[in-house]
>>> print(open('final-v1.cif').read())   # mmCIF, C-alpha atoms, pLDDT in the B column; chains and numbers go by the auth columns
data_input
loop_
_atom_site.group_PDB
_atom_site.id
_atom_site.type_symbol
_atom_site.label_atom_id
_atom_site.label_comp_id
_atom_site.label_asym_id
_atom_site.label_seq_id
_atom_site.Cartn_x
_atom_site.Cartn_y
_atom_site.Cartn_z
_atom_site.B_iso_or_equiv
_atom_site.auth_seq_id
_atom_site.auth_asym_id
ATOM 1 C CA MET A 1 32.688 56.087 -5.221 55.00 1 D
ATOM 2 C CA LEU A 2 29.451 58.104 -5.235 48.00 2 D
ATOM 3 C CA LEU A 3 28.501 56.637 -8.624 48.00 3 D
ATOM 4 C CA PHE A 4 29.128 53.093 -7.328 48.00 4 D
ATOM 5 C CA THR A 5 26.920 53.780 -4.269 43.00 5 D
ATOM 6 C CA ILE A 6 24.077 55.104 -6.457 47.00 6 D
ATOM 7 C CA ILE A 7 24.282 52.059 -8.725 47.00 7 D
ATOM 8 C CA MET A 8 24.246 49.665 -5.756 46.00 8 D
ATOM 9 C CA LEU A 9 21.259 51.421 -4.157 42.00 9 D
ATOM 10 C CA SER A 10 19.392 51.212 -7.462 48.00 10 D
ATOM 11 C CA ILE A 11 20.072 47.478 -7.746 45.00 11 D
ATOM 12 C CA ILE A 12 18.928 46.882 -4.147 43.00 12 D
ATOM 13 C CA SER A 13 15.765 48.932 -4.741 43.00 13 D
ATOM 14 C CA ILE A 14 14.915 46.948 -7.875 42.00 14 D
ATOM 15 C CA SER A 15 15.563 43.662 -6.049 41.00 15 D
ATOM 16 C CA LEU A 16 13.242 44.650 -3.218 38.00 16 D
ATOM 17 C CA LYS A 17 10.500 45.489 -5.676 45.00 17 D
ATOM 18 C CA ALA A 18 10.866 42.193 -7.546 49.00 18 D
ATOM 19 C CA GLN A 19 8.255 39.764 -6.320 58.00 19 D
ATOM 20 C CA PRO A 20 7.381 36.314 -7.611 72.00 20 D
ATOM 21 C CA GLN A 21 4.355 36.038 -9.852 84.00 21 D
ATOM 22 C CA THR A 22 2.908 32.580 -9.459 89.00 22 D
ATOM 23 C CA SER A 23 0.621 30.721 -11.833 92.00 23 D
ATOM 24 C CA PHE A 24 -2.479 29.125 -10.360 93.00 24 D
ATOM 25 C CA LYS A 25 -4.853 26.567 -11.886 94.00 25 D
ATOM 26 C CA MET A 26 -8.347 25.560 -10.794 92.00 26 D
ATOM 27 C CA SER A 27 -8.642 22.735 -8.291 90.00 27 D
ATOM 28 C CA SER A 28 -11.599 20.634 -7.134 91.00 28 D
ATOM 29 C CA GLY A 29 -14.382 22.240 -5.145 93.00 29 D
ATOM 30 C CA SER A 30 -14.882 25.236 -7.448 96.00 30 D
ATOM 31 C CA LYS A 31 -18.390 26.081 -8.575 96.00 31 D
ATOM 32 C CA ILE A 32 -20.480 28.788 -10.205 96.00 32 D
ATOM 33 C CA THR A 33 -24.111 29.186 -9.170 96.00 33 D
ATOM 34 C CA VAL A 34 -26.720 31.278 -10.967 94.00 34 D
ATOM 35 C CA THR A 35 -29.928 32.103 -9.086 92.00 35 D
ATOM 36 C CA GLY A 36 -33.001 33.990 -10.141 88.00 36 D
ATOM 37 C CA THR A 37 -36.682 34.443 -9.487 83.00 37 D
ATOM 38 C CA SER A 38 -39.956 33.798 -11.238 74.00 38 D
ATOM 39 C CA ASN A 39 -43.600 34.651 -10.584 63.00 39 D
ATOM 40 C CA ILE A 40 -43.940 31.239 -8.890 66.00 40 D
ATOM 41 C CA HIS A 41 -40.618 30.275 -7.261 71.00 41 D
ATOM 42 C CA ALA A 42 -36.887 30.942 -7.181 83.00 42 D
ATOM 43 C CA TRP A 43 -34.579 28.864 -9.380 86.00 43 D
ATOM 44 C CA THR A 44 -30.924 27.816 -9.263 93.00 44 D
ATOM 45 C CA MET A 45 -28.441 26.462 -11.783 94.00 45 D
ATOM 46 C CA THR A 46 -24.980 25.240 -10.767 97.00 46 D
ATOM 47 C CA ALA A 47 -21.776 24.254 -12.573 96.00 47 D
ATOM 48 C CA SER A 48 -18.748 22.591 -11.015 93.00 48 D
ATOM 49 C CA SER A 49 -16.992 21.788 -14.291 94.00 49 D
ATOM 50 C CA PHE A 50 -15.263 24.741 -15.982 95.00 50 D
ATOM 51 C CA ASN A 51 -11.779 26.199 -16.476 95.00 51 D
ATOM 52 C CA SER A 52 -10.107 28.934 -14.451 95.00 52 D
ATOM 53 C CA ASP A 53 -6.565 30.193 -13.921 94.00 53 D
ATOM 54 C CA GLY A 54 -4.699 33.232 -12.675 95.00 54 D
ATOM 55 C CA ILE A 55 -1.332 34.837 -12.011 95.00 55 D
ATOM 56 C CA LEU A 56 -0.887 36.151 -8.472 94.00 56 D
ATOM 57 C CA THR A 57 1.832 37.923 -6.518 92.00 57 D
ATOM 58 C CA LEU A 58 2.311 36.445 -3.054 88.00 58 D
ATOM 59 C CA GLU A 59 4.489 37.570 -0.182 86.00 59 D
ATOM 60 C CA GLY A 60 4.643 34.748 2.321 79.00 60 D
ATOM 61 C CA GLN A 61 1.019 33.924 3.096 79.00 61 D
ATOM 62 C CA GLN A 62 -0.188 37.340 1.918 87.00 62 D
ATOM 63 C CA LEU A 63 -1.750 38.130 -1.452 91.00 63 D
ATOM 64 C CA ARG A 64 -0.242 41.350 -2.794 92.00 64 D
ATOM 65 C CA ASP A 65 -1.498 41.577 -6.362 93.00 65 D
ATOM 66 C CA LEU A 66 -3.623 39.834 -8.948 94.00 66 D
ATOM 67 C CA GLN A 67 -2.154 40.155 -12.452 94.00 67 D
ATOM 68 C CA SER A 68 -4.641 37.959 -14.268 95.00 68 D
ATOM 69 C CA LEU A 69 -7.719 35.880 -13.575 96.00 69 D
ATOM 70 C CA SER A 70 -10.159 34.231 -15.946 95.00 70 D
ATOM 71 C CA PHE A 71 -12.802 31.569 -16.152 94.00 71 D
ATOM 72 C CA SER A 72 -14.542 29.858 -19.037 97.00 72 D
ATOM 73 C CA LEU A 73 -17.809 28.050 -18.374 96.00 73 D
ATOM 74 C CA PRO A 74 -19.526 25.867 -20.996 97.00 74 D
ATOM 75 C CA VAL A 75 -23.192 26.920 -20.988 96.00 75 D
ATOM 76 C CA THR A 76 -24.419 23.310 -20.955 97.00 76 D
ATOM 77 C CA ASN A 77 -22.475 22.600 -17.743 97.00 77 D
ATOM 78 C CA LEU A 78 -25.004 24.747 -15.860 97.00 78 D
ATOM 79 C CA LYS A 79 -27.586 22.366 -14.407 96.00 79 D
ATOM 80 C CA SER A 80 -30.820 22.827 -12.478 92.00 80 D
ATOM 81 C CA LYS A 81 -33.089 20.159 -10.994 90.00 81 D
ATOM 82 C CA GLU A 82 -35.284 20.098 -14.107 87.00 82 D
ATOM 83 C CA ASP A 83 -34.318 19.136 -17.664 90.00 83 D
ATOM 84 C CA LEU A 84 -36.941 21.464 -19.129 83.00 84 D
ATOM 85 C CA MET A 85 -35.478 24.392 -17.206 84.00 85 D
ATOM 86 C CA ASP A 86 -32.017 23.529 -18.535 91.00 86 D
ATOM 87 C CA THR A 87 -33.230 23.321 -22.134 90.00 87 D
ATOM 88 C CA ARG A 88 -35.010 26.692 -21.938 87.00 88 D
ATOM 89 C CA ALA A 89 -32.026 28.315 -20.214 89.00 89 D
ATOM 90 C CA TYR A 90 -29.560 27.093 -22.873 93.00 90 D
ATOM 91 C CA LYS A 91 -31.843 28.465 -25.567 91.00 91 D
ATOM 92 C CA ALA A 92 -32.153 31.842 -23.800 90.00 92 D
ATOM 93 C CA LEU A 93 -28.352 31.953 -23.411 92.00 93 D
ATOM 94 C CA LYS A 94 -27.989 31.221 -27.158 94.00 94 D
ATOM 95 C CA GLY A 95 -25.853 28.232 -26.204 93.00 95 D
ATOM 96 C CA ASP A 96 -25.831 26.756 -29.719 95.00 96 D
ATOM 97 C CA GLN A 97 -24.220 29.969 -31.017 96.00 97 D
ATOM 98 C CA PHE A 98 -22.217 31.117 -27.977 96.00 98 D
ATOM 99 C CA SER A 99 -21.175 28.004 -26.100 96.00 99 D
ATOM 100 C CA ARG A 100 -19.282 29.623 -23.210 97.00 100 D
ATOM 101 C CA ILE A 101 -19.709 32.212 -20.473 97.00 101 D
ATOM 102 C CA THR A 102 -16.341 33.861 -19.843 97.00 102 D
ATOM 103 C CA PHE A 103 -14.699 36.386 -17.543 97.00 103 D
ATOM 104 C CA LYS A 104 -11.294 38.001 -18.082 97.00 104 D
ATOM 105 C CA LEU A 105 -9.725 40.333 -15.522 97.00 105 D
ATOM 106 C CA THR A 106 -8.692 43.825 -16.632 97.00 106 D
ATOM 107 C CA GLU A 107 -7.891 45.406 -13.258 96.00 107 D
ATOM 108 C CA ALA A 108 -7.733 44.330 -9.621 96.00 108 D
ATOM 109 C CA THR A 109 -7.371 46.037 -6.255 96.00 109 D
ATOM 110 C CA VAL A 110 -6.238 43.848 -3.361 95.00 110 D
ATOM 111 C CA ILE A 111 -7.022 44.943 0.206 94.00 111 D
ATOM 112 C CA PRO A 112 -4.976 42.509 2.368 91.00 112 D
ATOM 113 C CA SER A 113 -6.266 43.890 5.699 90.00 113 D
ATOM 114 C CA GLN A 114 -9.835 42.921 4.695 93.00 114 D
ATOM 115 C CA LYS A 115 -8.920 39.823 2.655 94.00 115 D
ATOM 116 C CA LEU A 116 -10.842 41.476 -0.184 95.00 116 D
ATOM 117 C CA ILE A 117 -10.340 41.849 -3.935 96.00 117 D
ATOM 118 C CA LYS A 118 -12.174 44.251 -6.219 96.00 118 D
ATOM 119 C CA ALA A 119 -11.865 42.478 -9.564 96.00 119 D
ATOM 120 C CA THR A 120 -12.933 44.341 -12.697 97.00 120 D
ATOM 121 C CA GLY A 121 -13.115 42.523 -16.006 97.00 121 D
ATOM 122 C CA ASN A 122 -15.028 41.616 -19.123 98.00 122 D
ATOM 123 C CA LEU A 123 -17.959 39.277 -18.536 97.00 123 D
ATOM 124 C CA THR A 124 -19.265 37.723 -21.751 97.00 124 D
ATOM 125 C CA ILE A 125 -22.664 36.018 -21.832 96.00 125 D
ATOM 126 C CA ALA A 126 -24.592 35.051 -24.980 95.00 126 D
ATOM 127 C CA GLY A 127 -22.000 36.834 -27.107 96.00 127 D
ATOM 128 C CA LYS A 128 -22.404 40.186 -25.325 97.00 128 D
ATOM 129 C CA THR A 129 -19.544 41.615 -23.233 97.00 129 D
ATOM 130 C CA ASN A 130 -19.914 44.070 -20.358 97.00 130 D
ATOM 131 C CA LEU A 131 -17.331 45.461 -17.941 97.00 131 D
ATOM 132 C CA VAL A 132 -18.252 44.392 -14.391 97.00 132 D
ATOM 133 C CA THR A 133 -16.693 44.625 -10.936 96.00 133 D
ATOM 134 C CA ILE A 134 -16.911 41.644 -8.608 95.00 134 D
ATOM 135 C CA HIS A 135 -16.098 42.000 -4.911 96.00 135 D
ATOM 136 C CA SER A 136 -14.505 38.794 -3.678 96.00 136 D
ATOM 137 C CA ASN A 137 -13.223 37.589 -0.330 96.00 137 D
ATOM 138 C CA TYR A 138 -10.175 35.339 -0.396 95.00 138 D
ATOM 139 C CA SER A 139 -8.300 32.977 1.866 94.00 139 D
ATOM 140 C CA LEU A 140 -4.902 31.334 1.531 92.00 140 D
ATOM 141 C CA SER A 141 -4.155 27.840 2.787 90.00 141 D
ATOM 142 C CA GLY A 142 -0.865 26.222 1.865 86.00 142 D
ATOM 143 C CA ASP A 143 -0.535 26.261 -1.925 89.00 143 D
ATOM 144 C CA GLU A 144 -4.248 26.968 -2.529 93.00 144 D
ATOM 145 C CA ILE A 145 -6.228 30.199 -2.646 94.00 145 D
ATOM 146 C CA THR A 146 -10.020 30.412 -2.463 96.00 146 D
ATOM 147 C CA PHE A 147 -12.036 33.288 -3.923 96.00 147 D
ATOM 148 C CA LYS A 148 -15.686 33.755 -2.993 97.00 148 D
ATOM 149 C CA GLY A 149 -17.672 36.527 -4.665 96.00 149 D
ATOM 150 C CA SER A 150 -21.047 37.498 -6.030 95.00 150 D
ATOM 151 C CA ARG A 151 -22.416 39.761 -8.745 95.00 151 D
ATOM 152 C CA SER A 152 -25.994 40.638 -9.704 95.00 152 D
ATOM 153 C CA ILE A 153 -26.720 41.271 -13.376 94.00 153 D
ATOM 154 C CA LYS A 154 -29.716 41.960 -15.578 93.00 154 D
ATOM 155 C CA MET A 155 -30.346 39.465 -18.372 91.00 155 D
ATOM 156 C CA ASN A 156 -31.398 42.150 -20.842 92.00 156 D
ATOM 157 C CA ASP A 157 -27.974 43.808 -20.436 94.00 157 D
ATOM 158 C CA TYR A 158 -26.673 40.742 -22.303 94.00 158 D
ATOM 159 C CA GLY A 159 -29.442 40.640 -24.886 93.00 159 D
ATOM 160 C CA ILE A 160 -31.112 37.707 -23.131 91.00 160 D
ATOM 161 C CA LYS A 161 -34.868 37.380 -23.075 85.00 161 D
ATOM 162 C CA ALA A 162 -35.947 35.935 -19.722 75.00 162 D
ATOM 163 C CA PRO A 163 -37.290 32.382 -20.300 67.00 163 D
ATOM 164 C CA SER A 164 -40.944 31.528 -19.717 63.00 164 D
ATOM 165 C CA PHE A 165 -42.628 28.155 -19.229 58.00 165 D
ATOM 166 C CA MET A 166 -46.060 26.539 -19.411 53.00 166 D
ATOM 167 C CA LEU A 167 -47.280 28.831 -22.209 52.00 167 D
ATOM 168 C CA GLY A 168 -46.162 31.893 -20.246 56.00 168 D
ATOM 169 C CA ALA A 169 -47.786 30.916 -16.943 55.00 169 D
ATOM 170 C CA LEU A 170 -44.323 30.855 -15.339 60.00 170 D
ATOM 171 C CA LYS A 171 -42.126 33.839 -16.142 74.00 171 D
ATOM 172 C CA THR A 172 -38.593 34.316 -14.873 78.00 172 D
ATOM 173 C CA GLY A 173 -37.352 37.680 -13.629 81.00 173 D
ATOM 174 C CA ASN A 174 -34.771 39.840 -15.384 87.00 174 D
ATOM 175 C CA ASP A 175 -32.389 39.968 -12.392 90.00 175 D
ATOM 176 C CA VAL A 176 -30.019 37.087 -11.672 92.00 176 D
ATOM 177 C CA THR A 177 -27.165 36.626 -9.218 94.00 177 D
ATOM 178 C CA ILE A 178 -23.918 34.874 -10.084 95.00 178 D
ATOM 179 C CA ASP A 179 -22.094 33.370 -7.082 96.00 179 D
ATOM 180 C CA ILE A 180 -18.519 32.346 -7.760 96.00 180 D
ATOM 181 C CA LEU A 181 -16.415 29.989 -5.659 96.00 181 D
ATOM 182 C CA LEU A 182 -12.948 29.538 -7.160 96.00 182 D
ATOM 183 C CA LYS A 183 -10.327 27.272 -5.647 96.00 183 D
ATOM 184 C CA LEU A 184 -6.983 27.772 -7.358 95.00 184 D
ATOM 185 C CA LYS A 185 -3.829 25.794 -6.679 94.00 185 D
ATOM 186 C CA LYS A 186 -0.244 26.775 -7.421 91.00 186 D
ATOM 187 C CA SER A 187 1.111 25.328 -10.617 85.00 187 D
ATOM 188 C CA ASN A 188 4.802 24.470 -10.939 66.00 188 D
ATOM 189 C CA SER A 189 5.842 27.695 -12.683 49.00 189 D
ATOM 190 C CA SER A 190 6.779 30.983 -11.031 46.00 190 D
ATOM 191 C CA ILE A 191 8.279 34.032 -12.747 44.00 191 D
ATOM 192 C CA ILE A 192 10.235 36.847 -11.081 39.00 192 D
ATOM 193 C CA THR A 193 9.304 40.208 -12.566 39.00 193 D
ATOM 194 C CA LYS A 194 10.395 43.723 -11.792 36.00 194 D
ATOM 195 C CA ASN A 195 7.651 46.148 -10.764 37.00 195 D
#
>>> encode(input="final-v1.cif", output="structure tokens")
Amino acid sequence: MLLFTIIMLSIISISLKAQPQTSFKMSSGSKITVTGTSNIHAWTMTASSFNSDGILTLEGQQLRDLQSLSFSLPVTNLKSKEDLMDTRAYKALKGDQFSRITFKLTEATVIPSQKLIKATGNLTIAGKTNLVTIHSNYSLSGDEITFKGSRSIKMNDYGIKAPSFMLGALKTGNDVTIDILLKLKKSNSSIITKN
């Protein structure tokens, strides 16, 4: 009888720990914005066409864990208001050799009380990969989750030489900020796993 009770308690404990991991895919409204400075004016490049997906653990309308998250952005999908700026930026980013900017999650800490995620992962730009941590707020609405975060980086950390224009009269700064707005929607597949 004691053995039966122990076995039953173990099964119940495992069942309580099992939570659904749900696949999410990017939905409309997502965008990545890169901003920087120069000796004349600030500049901005934005992309709304890229790929992103993740696997999340939800409990009701609460996010409990983030198992995976990634995005892949074609360099040439970043656009400014000036064609010349775009051309110089693609060259600086070595877009003909390394066509995508990517991020792949390695570790995440979810703080439900603050609706905050500390997402650490590998950010690859111009063929160079660095481990970065991005602090992101999130909100859940129906079957969609929205992440909004920002990360400042230095171009030379990725082997990028800051572009210059007009025979060097306009020089861009080394520091840039990447603002990320990801809207992910539940896909049709969910997997129950044991923690």
>>> resolve_selection(input="final-v1.cif", expression="the PyMOL selection byres ((chain D and resi 94) around 10)", output="number ranges by chain")
D: 75, 88-93, 95-100, 125-127, 159-160
>>> closest_residue(input="final-v1.cif", among="D:Asn122, D:Thr33, D:Ser28, D:Thr44", to="D:Ser70", atoms="all atoms listed in the file")
D:Asn122
>>> resolve_selection(input="final-v1.cif", expression="the PyMOL selection byres ((chain D and resi 117) around 10)", output="NGL selection string")
:D and (63 or 65-66 or 108-112 or 114-116 or 118-120 or 133-138 or 147-149)
>>> atom_distance(input="final-v1.cif", atom1="atom CA of D:Thr177", atom2="atom CA of D:Ser113")
26.7 Å
>>> closest_residue(input="final-v1.cif", among="D:Ala42, D:Asn156, D:Ser48, D:Thr102", to="D:Lys171", atoms="only C-alpha atoms")
D:Ala42
>>> residues_around(input="final-v1.cif", residues="D:Lys104", least_positions_apart="3", cutoff="10 Å", atoms="all atoms listed in the file", output="list in words")
Ser52, Gly54, Ser68, Leu69, Ser70, Phe71, Ser72, Glu107, Ala119, Thr120, Gly121, Asn122, Leu123, Thr124 and Leu131 of chain D
>>> closest_atom_pairs(input="final-v1.cif", of="stretch 28-64 of chain D", to="stretch 20-24 of chain D", cutoff="8 Å", atoms="all atoms listed in the file", output="CSV")
residue,atom,partner,partner_atom,distance
D:Asp53,CA,D:Phe24,CA,5.5
D:Gly54,CA,D:Phe24,CA,5.2
D:Ile55,CA,D:Ser23,CA,4.6
D:Leu56,CA,D:Thr22,CA,5.3
D:Thr57,CA,D:Gln21,CA,4.6
D:Leu58,CA,D:Pro20,CA,6.8
>>> resolve_selection(input="final-v1.cif", expression="the PyMOL selection byres ((chain D and resi 182) around 7)", output="number ranges by chain")
D: 30-31, 146-148, 180-181, 183-184
>>> atom_distance(input="final-v1.cif", atom1="atom CA of D:Asp83", atom2="atom CA of D:Thr129")
27.5 Å
>>> axis_aligned_box(input="final-v1.cif", around="stretch 144-147 of chain D", padding_each_side="6 Å", output="JSON")
{"center_x": -8.1, "center_y": 30.1, "center_z": -3.2, "size_x": 19.8, "size_y": 18.3, "size_z": 13.5}
>>> closest_residue(input="final-v1.cif", among="D:Gly142, D:Ser27, D:Trp43, D:Asn130", to="D:Met85", atoms="all atoms listed in the file")
D:Trp43
>>> closest_residue(input="final-v1.cif", among="D:Gln62, D:Lys128, D:Val34, D:Asp179", to="D:Ser150", atoms="only C-alpha atoms")
D:Asp179
>>> closest_residue(input="final-v1.cif", among="D:Lys185, D:His41, D:Leu105, D:Asn174", to="D:Ile145", atoms="only C-alpha atoms")
D:Lys185
>>> atom_distance(input="final-v1.cif", atom1="atom CA of D:Glu144", atom2="atom CA of D:Gly29")
11.5 Å
>>> closest_residue(input="final-v1.cif", among="D:Leu78, D:Ala47, D:Ile32, D:Leu140", to="D:Lys186", atoms="all atoms listed in the file")
D:Leu140
